[in-house]
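Here the structure comes first, spelled out in structure tokens, and everything after it is commentary.
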Amino acid sequence: MSDRSSHTSRRSMPSHRRIGPLLCVALLISAAGLLTACGDDAGDDSSAATTTASAAPRTIAHKLGTVTIEGTPKRVVTLGLGDNDVALAVGVTPVGMVKGSSGGNGLLPWVNTALDGKKTTVLNLDTGTPYEKIAALTPDLILAMGEFSIDKDYAKLSKIAPTIAYVKGNFKDTYQEQTTVIAKALGRDAEGARVLADVEAKVAAVKEAHPEFAGKTVTLAFMSDANTINVVTAPDDPAILLLGQVGVGLSKSAQTLPKNGQGGIQGALSLEQVGRLEADALIITYASKALQRQLEANAAFKKLAVVKRGGYSAIDLDTVTGLRTPSVLSVPYGLDKLTAALEKATS
Amino acid sequence: MRELREARLSRTSVRVAGLLVAAVVLAVVCVASLAFGSKSIPIGEVFGALLHGGDSSNASIVTGLRVPRTLVGLEVGAALGLAGALMQGLTRNPLADPGILGINAGAALAMVVAIAIGNFTSLSAYIWFSFVGAALAGVVVYGLGTIGREGATPARIALAGAAVSALLISLTTTVLVLDQQTFDQYRYWAVGSLAGRPGEVAAQAAPFIVAGALLGLASARALDALGLGDEVARGLGVDVVRGRILVMSSIVLLSGAATAAAGPIAFVGLAIPHVVRALTGPDHRWLLPYCLLVGPIFLLGADVLGRLVLSPSELQVGIVTALVGGPVFVAIVRRRRIVAL
């Protein structure tokens, strides 16, 4: 029958029809490969020239293990906000740094200032730790004292490079302790001590220059959505501790709020309870500009004594992030903003 | 014949009386919504603020926060209750709710896009986005359901709704996974809340909800007929296609406006029609007006409860309706035979 000829022709397809699908698959694979290669690579550079680094071998014991470092680490990856800051402060530019801000290039303002144009790779840990990316940077030291999920990640990270985790507990190390440990790991003990001394001198200077701050109270709050204002209530919150160092204390209303949130560090208020924000100074940060406009237009908010007196200041989220995960770079930056807010409240 | 007419009249008068009782209960719940909150304000001050206004912070809480919230709760509760009954009638599916027709998913995706792209300075802008998203999703679902010779049968509409919802939800999740900041803002909207809405929301949503409610109430007879099957409905003189379009438009208006105004609130559209149907039976001419009243009774009641249990903070109404409505719904399903649609 006449159909047979068309059947036989199907068995051996003309060559251009076979190449078509193969070409498509090849294109797709190479496109996928290109896309994965284009991450947020800002290029990579090894760390700055060593000036006063000590190359003596040193051992650092932390909660999850012990690390012995010989020589000077040249390719450092920092996975915590504090780790970012200390490395830069002692003169080391990491080849990979964790993202800390949702704007710009993902690095917090003081980090960008300290980087001063040098290139680094920004690592996004929001959606899981990017082990492949970290490994691709071929680090010889991973600093993760301030990494949120280090408990889970330590095993894998320590296979990529010697990894330093927290000493006392997750987010329980003071920033002074963090600075000392990281400076030692990088062989820059002297720089670390100097930077710490500078910060503490600055804090003392602010306290001395502003005797009017002594004894004042503050309410520090974060408005996360249209009906929730989260107030920092823990007296040992890092931001509150810093304020304490310049003489300012937690407001009574913040102290008496029922605590919720992780570890009881903050209390939540609905809009009806705006009256509980009273203090000598009110500092609020907002999840969005729309929320700021909404609260500032709220009639009960405008009637607050602290608002009528001019004691209310709004500060940006990055600053608050830096205050609550303090480091030798974020403390001076945040202190400037806090001082401005406190000056406004006490004038 | 006389007994039949008398029986029918007495049943009608019982139902009318029931509607009046529901209206009174609704009024009481509205007063409770004005009187109670996370901050306790003496009732005298509440009435003073309502009647004379006033400058004190308590007065501004009552007039600036509680009154708009009560109005939004009224509108959204009525819209969700009615829309739920309409959806269950249209799809002949006792588990139908705004989720089944893709409306929640459309509102969610639009909201996520608005948060991701915009630093809008007013909350109203997000609400308009959400409404358009909800409306578009509803229209697309209905349109998909009509493709083909059979037209928009209940099963096809439900299937189209499931498919479109799945697509929209995966798009929403993609954006949320990639952008932490958007996720942080979105998750509060996604629970559903009557609070913290801009004051104009009640006024902005009102035209859509009123229009949707009128369309919905007008379609009661068509729904009753459609419930008997397309052939029987046509035999009774009901234009099947027009009836479905009428009901669908009503659903889109009601559900879209409600979800845009308050976020997706679960169980109101799902459970209220069942509670009401246990009292009135499946006749839509009674079911729909009752749902219109019982919906806000439930929603405002849940809202008041949410304000009191966590003072000085609040539990969002979407959480309360799930906590309260879930077990109620399970109890209904288990104890009674679901009144057939």
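Every chain in the structure tokens takes a letter, A first, then B, and so on in the order presented; its residues are numbered from 1, and the ligands are numbered from 1 following the presented order.
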
>> Set the distance at 7 Å and use only C-alpha atoms: which residues neighbour range 297-303 of chain B once local chain neighbours fewer than 6 positions away are removed? I'd like the list as number ranges by chain.
In response: B: 26, 29, 33, 73, 77, 317, 320-321

>> List the spatial neighbours of Gln266 in chain A as number ranges by chain - criterion: any atom at most 12 Å away, only C-alpha atoms, same-chain residues fewer than 2 positions off excluded.
In response: A: 219-223, 228-237, 240, 254-264, 268-269; B: 313

Kindly provide the residues of chain B that approach chain A to within 8 Å, each paired with its closest atom pair and their distance in Å to one decimal, based on only C-alpha atoms, listed by chain and increasing number, as JSON lines.
```
{"residue": "B:Gly37", "atom": "CA", "partner": "A:Glu272", "partner_atom": "CA", "distance": 7.7}
{"residue": "B:Ser38", "atom": "CA", "partner": "A:Glu272", "partner_atom": "CA", "distance": 6.6}
{"residue": "B:Lys39", "atom": "CA", "partner": "A:Glu272", "partner_atom": "CA", "distance": 6.0}
{"residue": "B:Ser57", "atom": "CA", "partner": "A:Ala300", "partner_atom": "CA", "distance": 4.9}
{"residue": "B:Asn58", "atom": "CA", "partner": "A:Ala300", "partner_atom": "CA", "distance": 7.8}
{"residue": "B:Ser60", "atom": "CA", "partner": "A:Ala300", "partner_atom": "CA", "distance": 6.1}
{"residue": "B:Ile61", "atom": "CA", "partner": "A:Glu272", "partner_atom": "CA", "distance": 6.1}
{"residue": "B:Gly64", "atom": "CA", "partner": "A:Ala299", "partner_atom": "CA", "distance": 7.4}
{"residue": "B:Leu65", "atom": "CA", "partner": "A:Glu272", "partner_atom": "CA", "distance": 7.4}
{"residue": "B:Asn119", "atom": "CA", "partner": "A:Lys289", "partner_atom": "CA", "distance": 6.7}
{"residue": "B:Phe120", "atom": "CA", "partner": "A:Ala290", "partner_atom": "CA", "distance": 6.3}
{"residue": "B:Thr121", "atom": "CA", "partner": "A:Ala290", "partner_atom": "CA", "distance": 4.4}
{"residue": "B:Ser122", "atom": "CA", "partner": "A:Ala290", "partner_atom": "CA", "distance": 5.2}
{"residue": "B:Leu123", "atom": "CA", "partner": "A:Ala290", "partner_atom": "CA", "distance": 6.1}
{"residue": "B:Val177", "atom": "CA", "partner": "A:Thr127", "partner_atom": "CA", "distance": 7.0}
{"residue": "B:Leu178", "atom": "CA", "partner": "A:Thr127", "partner_atom": "CA", "distance": 7.6}
{"residue": "B:Gln180", "atom": "CA", "partner": "A:Asp126", "partner_atom": "CA", "distance": 7.0}
{"residue": "B:Gln181", "atom": "CA", "partner": "A:Ser102", "partner_atom": "CA", "distance": 6.8}
{"residue": "B:Gln185", "atom": "CA", "partner": "A:Asp225", "partner_atom": "CA", "distance": 6.9}
{"residue": "B:Tyr188", "atom": "CA", "partner": "A:Asp225", "partner_atom": "CA", "distance": 6.5}
{"residue": "B:Ala195", "atom": "CA", "partner": "A:Asn227", "partner_atom": "CA", "distance": 6.1}
{"residue": "B:Gly196", "atom": "CA", "partner": "A:Ala226", "partner_atom": "CA", "distance": 4.6}
{"residue": "B:Arg197", "atom": "CA", "partner": "A:Ala226", "partner_atom": "CA", "distance": 7.0}
{"residue": "B:Pro198", "atom": "CA", "partner": "A:Gln294", "partner_atom": "CA", "distance": 7.8}
{"residue": "B:Ser311", "atom": "CA", "partner": "A:Leu269", "partner_atom": "CA", "distance": 8.0}
{"residue": "B:Pro312", "atom": "CA", "partner": "A:Leu269", "partner_atom": "CA", "distance": 5.4}
{"residue": "B:Ser313", "atom": "CA", "partner": "A:Leu269", "partner_atom": "CA", "distance": 4.5}
{"residue": "B:Glu314", "atom": "CA", "partner": "A:Ser270", "partner_atom": "CA", "distance": 6.1}
```

Write the residues you've just listed into a file as an mmCIF file, in the first residue's frame, and include N, CA, C and O atoms for each of them.
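This went into out-v3.cif:
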```cif
data_model
loop_
_atom_site.group_PDB
_atom_site.id
_atom_site.type_symbol
_atom_site.label_atom_id
_atom_site.label_comp_id
_atom_site.auth_asym_id
_atom_site.auth_seq_id
_atom_site.Cartn_x
_atom_site.Cartn_y
_atom_site.Cartn_z
ATOM 1 N N GLY B 37 -11.659 46.462 73.701
ATOM 2 C CA GLY B 37 -10.462 46.509 72.882
ATOM 3 C C GLY B 37 -9.271 46.134 73.733
ATOM 4 O O GLY B 37 -9.411 45.812 74.907
ATOM 5 N N SER B 38 -8.081 46.170 73.145
ATOM 6 C CA SER B 38 -6.902 45.781 73.909
ATOM 7 C C SER B 38 -6.615 46.789 75.007
ATOM 8 O O SER B 38 -5.944 46.491 75.984
ATOM 9 N N LYS B 39 -7.146 48.016 74.837
ATOM 10 C CA LYS B 39 -7.069 48.966 75.937
ATOM 11 C C LYS B 39 -8.477 49.098 76.502
ATOM 12 O O LYS B 39 -9.423 49.346 75.769
ATOM 13 N N SER B 57 -7.150 60.963 74.204
ATOM 14 C CA SER B 57 -6.600 59.833 73.443
ATOM 15 C C SER B 57 -7.588 58.677 73.438
ATOM 16 O O SER B 57 -7.689 57.952 72.449
ATOM 17 N N ASN B 58 -8.348 58.485 74.520
ATOM 18 C CA ASN B 58 -9.369 57.423 74.502
ATOM 19 C C ASN B 58 -10.413 57.685 73.433
ATOM 20 O O ASN B 58 -10.849 56.786 72.720
ATOM 21 N N SER B 60 -10.027 59.357 70.714
ATOM 22 C CA SER B 60 -9.482 59.150 69.370
ATOM 23 C C SER B 60 -9.294 57.673 69.089
ATOM 24 O O SER B 60 -9.349 57.246 67.941
ATOM 25 N N ILE B 61 -9.091 56.873 70.146
ATOM 26 C CA ILE B 61 -9.033 55.427 69.926
ATOM 27 C C ILE B 61 -10.392 54.924 69.465
ATOM 28 O O ILE B 61 -10.509 54.146 68.516
ATOM 29 N N GLY B 64 -11.168 56.831 66.019
ATOM 30 C CA GLY B 64 -10.171 56.643 64.967
ATOM 31 C C GLY B 64 -9.817 55.194 64.710
ATOM 32 O O GLY B 64 -9.402 54.837 63.610
ATOM 33 N N LEU B 65 -9.943 54.337 65.702
ATOM 34 C CA LEU B 65 -9.555 52.946 65.529
ATOM 35 C C LEU B 65 -10.744 52.003 65.545
ATOM 36 O O LEU B 65 -10.888 51.153 64.677
ATOM 37 N N ASN B 119 7.416 51.271 47.134
ATOM 38 C CA ASN B 119 7.480 51.836 48.461
ATOM 39 C C ASN B 119 6.322 52.802 48.556
ATOM 40 O O ASN B 119 6.493 53.996 48.746
ATOM 41 N N PHE B 120 5.119 52.281 48.367
ATOM 42 C CA PHE B 120 3.966 53.165 48.366
ATOM 43 C C PHE B 120 3.850 53.853 49.706
ATOM 44 O O PHE B 120 4.088 53.261 50.741
ATOM 45 N N THR B 121 3.464 55.091 49.689
ATOM 46 C CA THR B 121 3.396 55.809 50.950
ATOM 47 C C THR B 121 2.049 55.642 51.622
ATOM 48 O O THR B 121 1.888 56.033 52.764
ATOM 49 N N SER B 122 1.067 55.094 50.950
ATOM 50 C CA SER B 122 -0.202 54.903 51.644
ATOM 51 C C SER B 122 -0.619 53.446 51.544
ATOM 52 O O SER B 122 -0.383 52.770 50.554
ATOM 53 N N LEU B 123 -1.244 52.961 52.610
ATOM 54 C CA LEU B 123 -1.659 51.569 52.624
ATOM 55 C C LEU B 123 -2.781 51.313 51.629
ATOM 56 O O LEU B 123 -2.989 50.189 51.200
ATOM 57 N N VAL B 177 10.171 33.726 48.503
ATOM 58 C CA VAL B 177 11.413 33.028 48.837
ATOM 59 C C VAL B 177 12.620 33.882 48.470
ATOM 60 O O VAL B 177 13.641 33.867 49.151
ATOM 61 N N LEU B 178 12.495 34.649 47.382
ATOM 62 C CA LEU B 178 13.642 35.406 46.919
ATOM 63 C C LEU B 178 13.833 36.713 47.670
ATOM 64 O O LEU B 178 14.914 37.274 47.665
ATOM 65 N N GLN B 180 13.408 38.533 51.224
ATOM 66 C CA GLN B 180 13.080 38.407 52.642
ATOM 67 C C GLN B 180 12.231 39.560 53.134
ATOM 68 O O GLN B 180 11.321 39.396 53.947
ATOM 69 N N GLN B 181 12.522 40.768 52.641
ATOM 70 C CA GLN B 181 11.803 41.929 53.158
ATOM 71 C C GLN B 181 10.339 41.873 52.765
ATOM 72 O O GLN B 181 9.464 42.213 53.553
ATOM 73 N N GLN B 185 6.845 41.682 55.293
ATOM 74 C CA GLN B 185 5.655 42.522 55.260
ATOM 75 C C GLN B 185 4.430 41.728 54.874
ATOM 76 O O GLN B 185 3.331 41.982 55.351
ATOM 77 N N TYR B 188 2.126 39.391 57.577
ATOM 78 C CA TYR B 188 1.106 39.950 58.441
ATOM 79 C C TYR B 188 -0.198 40.122 57.701
ATOM 80 O O TYR B 188 -1.269 39.886 58.238
ATOM 81 N N ALA B 195 -7.631 45.146 61.685
ATOM 82 C CA ALA B 195 -7.047 46.291 62.363
ATOM 83 C C ALA B 195 -5.975 46.938 61.525
ATOM 84 O O ALA B 195 -5.405 46.317 60.635
ATOM 85 N N GLY B 196 -5.673 48.161 61.861
ATOM 86 C CA GLY B 196 -4.578 48.844 61.212
ATOM 87 C C GLY B 196 -4.851 49.167 59.765
ATOM 88 O O GLY B 196 -3.932 49.465 59.010
ATOM 89 N N ARG B 197 -6.096 49.072 59.355
ATOM 90 C CA ARG B 197 -6.388 49.437 57.966
ATOM 91 C C ARG B 197 -6.564 50.940 57.895
ATOM 92 O O ARG B 197 -7.023 51.560 58.845
ATOM 93 N N PRO B 198 -6.203 51.548 56.777
ATOM 94 C CA PRO B 198 -6.441 52.983 56.674
ATOM 95 C C PRO B 198 -7.926 53.292 56.786
ATOM 96 O O PRO B 198 -8.762 52.493 56.385
ATOM 97 N N SER B 311 -4.037 41.037 75.357
ATOM 98 C CA SER B 311 -3.754 42.423 75.712
ATOM 99 C C SER B 311 -2.385 42.547 76.368
ATOM 100 O O SER B 311 -2.023 41.725 77.197
ATOM 101 N N PRO B 312 -1.553 43.569 76.108
ATOM 102 C CA PRO B 312 -1.790 44.741 75.278
ATOM 103 C C PRO B 312 -1.538 44.543 73.789
ATOM 104 O O PRO B 312 -1.589 45.488 73.034
ATOM 105 N N SER B 313 -1.282 43.331 73.399
ATOM 106 C CA SER B 313 -1.175 43.101 71.968
ATOM 107 C C SER B 313 -2.501 42.507 71.509
ATOM 108 O O SER B 313 -3.443 42.427 72.274
ATOM 109 N N GLU B 314 -2.612 42.111 70.259
ATOM 110 C CA GLU B 314 -3.863 41.545 69.773
ATOM 111 C C GLU B 314 -3.599 40.307 68.953
ATOM 112 O O GLU B 314 -2.541 40.161 68.354
#
```

>> as a list in words, please: the residues near range 5-16 of chain B (cut-off 8 Å, only C-alpha atoms, same-chain neighbours under 3 positions excluded).
In response: Met1, Arg2, Leu19, Leu20, Thr280 and Trp286 of chain B

>> Considering only strand (DSSP E) as DSSP defines it on the backbone, what residues of range 94-335 of chain A qualify? List them as a PyMOL selection string.
In response: chain A and resi 96-98+121-123+141-143+163-164+217-225+228-232+249-250+266-269+281-286+312-314

Could you dump the residues just selected with N, CA, C and O atoms as a short mmCIF file (atom, residue, chain, number, x, y, z; two decimals), in the first residue's frame?
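part_28.cif, written as the output of this step:
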```
data_model
loop_
_atom_site.label_atom_id
_atom_site.label_comp_id
_atom_site.auth_asym_id
_atom_site.auth_seq_id
_atom_site.Cartn_x
_atom_site.Cartn_y
_atom_site.Cartn_z
N GLY A 96 34.51 36.77 50.89
CA GLY A 96 33.06 36.59 50.88
C GLY A 96 32.49 37.10 52.18
O GLY A 96 33.02 36.84 53.25
N MET A 97 31.38 37.87 52.08
CA MET A 97 30.78 38.45 53.28
C MET A 97 29.28 38.19 53.24
O MET A 97 28.67 38.17 52.17
N VAL A 98 28.68 38.06 54.42
CA VAL A 98 27.25 37.76 54.47
C VAL A 98 26.45 39.03 54.23
O VAL A 98 26.82 40.13 54.64
N THR A 121 32.61 39.22 47.51
CA THR A 121 31.40 38.51 47.08
C THR A 121 30.39 38.55 48.22
O THR A 121 30.71 38.19 49.34
N VAL A 122 29.17 39.00 47.91
CA VAL A 122 28.14 39.07 48.94
C VAL A 122 27.39 37.75 48.95
O VAL A 122 26.89 37.30 47.92
N LEU A 123 27.34 37.10 50.10
CA LEU A 123 26.68 35.81 50.22
C LEU A 123 25.34 35.98 50.89
O LEU A 123 25.24 36.54 51.97
N LEU A 141 39.92 30.31 55.81
CA LEU A 141 39.39 30.50 57.16
C LEU A 141 37.95 30.98 57.02
O LEU A 141 37.66 31.85 56.19
N ILE A 142 37.05 30.40 57.82
CA ILE A 142 35.65 30.85 57.81
C ILE A 142 35.33 31.38 59.20
O ILE A 142 35.47 30.67 60.20
N LEU A 143 34.93 32.63 59.26
CA LEU A 143 34.55 33.24 60.53
C LEU A 143 33.03 33.25 60.62
O LEU A 143 32.36 33.91 59.83
N THR A 163 36.76 26.57 60.65
CA THR A 163 35.64 27.46 60.91
C THR A 163 35.59 27.81 62.39
O THR A 163 35.75 26.95 63.25
N ILE A 164 35.38 29.08 62.66
CA ILE A 164 35.29 29.55 64.05
C ILE A 164 33.84 29.92 64.34
O ILE A 164 33.25 30.75 63.65
N THR A 217 15.19 58.25 80.19
CA THR A 217 14.71 56.93 79.79
C THR A 217 14.34 56.93 78.31
O THR A 217 14.01 57.98 77.74
N VAL A 218 14.39 55.74 77.72
CA VAL A 218 14.10 55.65 76.29
C VAL A 218 13.19 54.45 76.03
O VAL A 218 13.23 53.44 76.75
N THR A 219 12.33 54.59 75.04
CA THR A 219 11.59 53.44 74.51
C THR A 219 12.06 53.21 73.09
O THR A 219 12.02 54.12 72.26
N LEU A 220 12.56 52.01 72.84
CA LEU A 220 13.07 51.66 71.52
C LEU A 220 12.10 50.65 70.93
O LEU A 220 11.81 49.62 71.55
N ALA A 221 11.54 50.95 69.77
CA ALA A 221 10.48 50.09 69.25
C ALA A 221 10.62 49.86 67.75
O ALA A 221 11.28 50.62 67.04
N PHE A 222 9.97 48.82 67.30
CA PHE A 222 9.98 48.45 65.89
C PHE A 222 8.54 48.19 65.46
O PHE A 222 7.87 47.34 66.03
N MET A 223 8.06 48.93 64.46
CA MET A 223 6.70 48.71 63.98
C MET A 223 6.75 47.74 62.82
O MET A 223 7.22 48.07 61.74
N SER A 224 6.27 46.54 63.06
CA SER A 224 6.41 45.49 62.04
C SER A 224 5.21 45.42 61.11
O SER A 224 5.34 45.02 59.97
N ASP A 225 4.02 45.76 61.61
CA ASP A 225 2.86 45.79 60.72
C ASP A 225 1.87 46.79 61.25
O ASP A 225 2.09 47.41 62.28
N THR A 228 0.95 46.33 65.00
CA THR A 228 1.86 45.79 66.01
C THR A 228 3.09 46.65 66.13
O THR A 228 3.78 46.90 65.14
N ILE A 229 3.34 47.12 67.36
CA ILE A 229 4.58 47.84 67.63
C ILE A 229 5.34 46.99 68.65
O ILE A 229 4.86 46.74 69.76
N ASN A 230 6.52 46.52 68.24
CA ASN A 230 7.32 45.68 69.13
C ASN A 230 8.28 46.56 69.89
O ASN A 230 9.09 47.26 69.31
N VAL A 231 8.21 46.49 71.23
CA VAL A 231 9.05 47.33 72.07
C VAL A 231 10.14 46.47 72.67
O VAL A 231 9.88 45.37 73.16
N VAL A 232 11.38 46.97 72.63
CA VAL A 232 12.48 46.24 73.25
C VAL A 232 12.33 46.34 74.76
O VAL A 232 12.26 47.43 75.32
N GLY A 249 18.51 54.98 80.34
CA GLY A 249 17.94 53.71 80.76
C GLY A 249 16.66 53.38 80.02
O GLY A 249 16.10 54.18 79.27
N LEU A 250 16.19 52.16 80.27
CA LEU A 250 14.95 51.68 79.65
C LEU A 250 13.77 52.34 80.35
O LEU A 250 13.74 52.45 81.56
N GLN A 266 11.25 41.26 73.68
CA GLN A 266 10.42 42.38 73.28
C GLN A 266 8.98 42.12 73.64
O GLN A 266 8.53 40.99 73.80
N GLY A 267 8.22 43.22 73.77
CA GLY A 267 6.80 43.11 74.02
C GLY A 267 6.06 43.74 72.86
O GLY A 267 6.54 44.66 72.23
N ALA A 268 4.87 43.24 72.57
CA ALA A 268 4.11 43.76 71.44
C ALA A 268 2.95 44.61 71.92
O ALA A 268 2.30 44.30 72.92
N LEU A 269 2.72 45.69 71.20
CA LEU A 269 1.60 46.58 71.51
C LEU A 269 0.71 46.70 70.29
O LEU A 269 1.20 46.75 69.17
N ALA A 281 12.63 59.73 75.68
CA ALA A 281 12.94 59.70 74.25
C ALA A 281 12.29 58.47 73.64
O ALA A 281 12.30 57.39 74.23
N LEU A 282 11.72 58.66 72.46
CA LEU A 282 11.05 57.57 71.77
C LEU A 282 11.74 57.37 70.44
O LEU A 282 11.84 58.30 69.63
N ILE A 283 12.27 56.17 70.22
CA ILE A 283 12.97 55.89 68.96
C ILE A 283 12.29 54.70 68.31
O ILE A 283 12.21 53.63 68.89
N ILE A 284 11.79 54.92 67.11
CA ILE A 284 11.04 53.87 66.42
C ILE A 284 11.64 53.62 65.05
O ILE A 284 12.02 54.56 64.34
N THR A 285 11.72 52.35 64.68
CA THR A 285 12.10 52.01 63.32
C THR A 285 10.92 51.27 62.67
O THR A 285 10.15 50.61 63.36
N TYR A 286 10.79 51.40 61.36
CA TYR A 286 9.59 50.92 60.68
C TYR A 286 9.93 49.90 59.60
O TYR A 286 10.97 50.00 58.95
N TYR A 312 10.54 62.38 69.84
CA TYR A 312 10.38 61.19 69.00
C TYR A 312 11.29 61.29 67.79
O TYR A 312 11.36 62.32 67.13
N SER A 313 12.01 60.22 67.52
CA SER A 313 12.83 60.15 66.30
C SER A 313 12.60 58.82 65.63
O SER A 313 12.48 57.80 66.30
N ALA A 314 12.59 58.86 64.31
CA ALA A 314 12.54 57.61 63.55
C ALA A 314 13.94 57.31 63.06
O ALA A 314 14.63 58.21 62.59
#
```

> Residues of range 82-255 of chain B in helix (DSSP H, G or I) according to DSSP, as an MDAnalysis selection string?
Replying inline: chainID B and resid 82:91 98:101 103:117 123:146 154:178 180:191 201:218 220:226 230:235 240:255

> Could you name the residues that touch Ala79 in chain B at 8 Å or less, counting only C-alpha atoms, but leaving out those on the same chain fewer than 3 positions away, as a list in words?
Replying inline: Glu75, Val76, Leu82, Ala83, Ile209, Gly212, Ala213, Leu254, Ser255, Ala258, Leu292 and Gly295 of chain B

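Near Tyr175 in chain A, within 9 Å and counting only C-alpha atoms, sit A:Gly82, A:Gln178, A:Thr179, A:Thr180, A:Thr325, A:Pro326, A:Ser327, A:Val328; same-chain residues fewer than 3 positions away were not included.
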
Using only C-alpha atoms, determine which residues lie at most 12 Å from Ala214 in chain A, disregarding the query and same-chain residues fewer than 6 positions distant; provide the list as a PDB file with N, CA, C and O atoms, in the first residue's frame.
```pdb
ATOM      1  N   VAL A 206      31.130  60.361  74.381  1.00  0.00           N
ATOM      2  CA  VAL A 206      29.735  60.789  74.216  1.00  0.00           C
ATOM      3  C   VAL A 206      29.106  61.012  75.580  1.00  0.00           C
ATOM      4  O   VAL A 206      28.393  61.997  75.821  1.00  0.00           O
ATOM      5  N   LYS A 207      29.387  60.085  76.508  1.00  0.00           N
ATOM      6  CA  LYS A 207      28.780  60.227  77.837  1.00  0.00           C
ATOM      7  C   LYS A 207      29.254  61.506  78.500  1.00  0.00           C
ATOM      8  O   LYS A 207      28.470  62.236  79.122  1.00  0.00           O
ATOM      9  N   GLU A 208      30.555  61.794  78.342  1.00  0.00           N
ATOM     10  CA  GLU A 208      31.089  62.978  79.004  1.00  0.00           C
ATOM     11  C   GLU A 208      30.557  64.246  78.371  1.00  0.00           C
ATOM     12  O   GLU A 208      30.315  65.243  79.056  1.00  0.00           O
ATOM     13  N   LEU A 243      22.972  52.111  75.259  1.00  0.00           N
ATOM     14  CA  LEU A 243      22.359  53.335  75.769  1.00  0.00           C
ATOM     15  C   LEU A 243      22.716  53.526  77.237  1.00  0.00           C
ATOM     16  O   LEU A 243      22.948  54.651  77.698  1.00  0.00           O
ATOM     17  N   GLY A 244      22.768  52.413  77.973  1.00  0.00           N
ATOM     18  CA  GLY A 244      23.133  52.512  79.381  1.00  0.00           C
ATOM     19  C   GLY A 244      24.533  53.075  79.558  1.00  0.00           C
ATOM     20  O   GLY A 244      24.812  53.816  80.507  1.00  0.00           O
ATOM     21  N   GLN A 245      25.406  52.768  78.603  1.00  0.00           N
ATOM     22  CA  GLN A 245      26.779  53.259  78.724  1.00  0.00           C
ATOM     23  C   GLN A 245      26.861  54.769  78.550  1.00  0.00           C
ATOM     24  O   GLN A 245      27.857  55.381  78.937  1.00  0.00           O
ATOM     25  N   VAL A 246      25.868  55.382  77.915  1.00  0.00           N
ATOM     26  CA  VAL A 246      25.874  56.851  77.839  1.00  0.00           C
ATOM     27  C   VAL A 246      24.885  57.443  78.828  1.00  0.00           C
ATOM     28  O   VAL A 246      24.551  58.620  78.761  1.00  0.00           O
ATOM     29  N   GLY A 247      24.417  56.628  79.759  1.00  0.00           N
ATOM     30  CA  GLY A 247      23.643  57.164  80.861  1.00  0.00           C
ATOM     31  C   GLY A 247      22.136  57.044  80.725  1.00  0.00           C
ATOM     32  O   GLY A 247      21.398  57.474  81.600  1.00  0.00           O
ATOM     33  N   VAL A 248      21.665  56.453  79.615  1.00  0.00           N
ATOM     34  CA  VAL A 248      20.221  56.416  79.371  1.00  0.00           C
ATOM     35  C   VAL A 248      19.679  55.029  79.718  1.00  0.00           C
ATOM     36  O   VAL A 248      20.300  54.013  79.407  1.00  0.00           O
ATOM     37  N   GLY A 249      18.514  54.983  80.335  1.00  0.00           N
ATOM     38  CA  GLY A 249      17.937  53.713  80.760  1.00  0.00           C
ATOM     39  C   GLY A 249      16.656  53.377  80.022  1.00  0.00           C
ATOM     40  O   GLY A 249      16.102  54.179  79.274  1.00  0.00           O
ATOM     41  N   ASP A 280      11.262  59.482  78.024  1.00  0.00           N
ATOM     42  CA  ASP A 280      11.884  60.766  77.729  1.00  0.00           C
ATOM     43  C   ASP A 280      12.230  60.861  76.250  1.00  0.00           C
ATOM     44  O   ASP A 280      12.188  61.934  75.658  1.00  0.00           O
ATOM     45  N   LEU A 342      18.875  61.458  70.837  1.00  0.00           N
ATOM     46  CA  LEU A 342      18.815  61.841  72.243  1.00  0.00           C
ATOM     47  C   LEU A 342      18.987  63.346  72.414  1.00  0.00           C
ATOM     48  O   LEU A 342      18.361  63.964  73.283  1.00  0.00           O
ATOM     49  N   GLU A 343      19.839  63.942  71.565  1.00  0.00           N
ATOM     50  CA  GLU A 343      19.987  65.396  71.651  1.00  0.00           C
ATOM     51  C   GLU A 343      18.671  66.073  71.350  1.00  0.00           C
ATOM     52  O   GLU A 343      18.264  67.030  72.005  1.00  0.00           O
ATOM     53  N   THR A 346      16.396  65.795  74.359  1.00  0.00           N
ATOM     54  CA  THR A 346      16.722  66.482  75.603  1.00  0.00           C
ATOM     55  C   THR A 346      16.900  67.976  75.408  1.00  0.00           C
ATOM     56  O   THR A 346      17.228  68.693  76.325  1.00  0.00           O
TER      57      THR A 346
END
```

>> What's around Val276 in chain B at 12 Å? Count only C-alpha atoms, leave out sequence neighbours fewer than 3 positions away in its own chain, and write the answer as a ChimeraX atom specification.
In response: /B:15,18-19,22,81-82,84-85,268-273,279-284,286-295,298,329,332,338-339
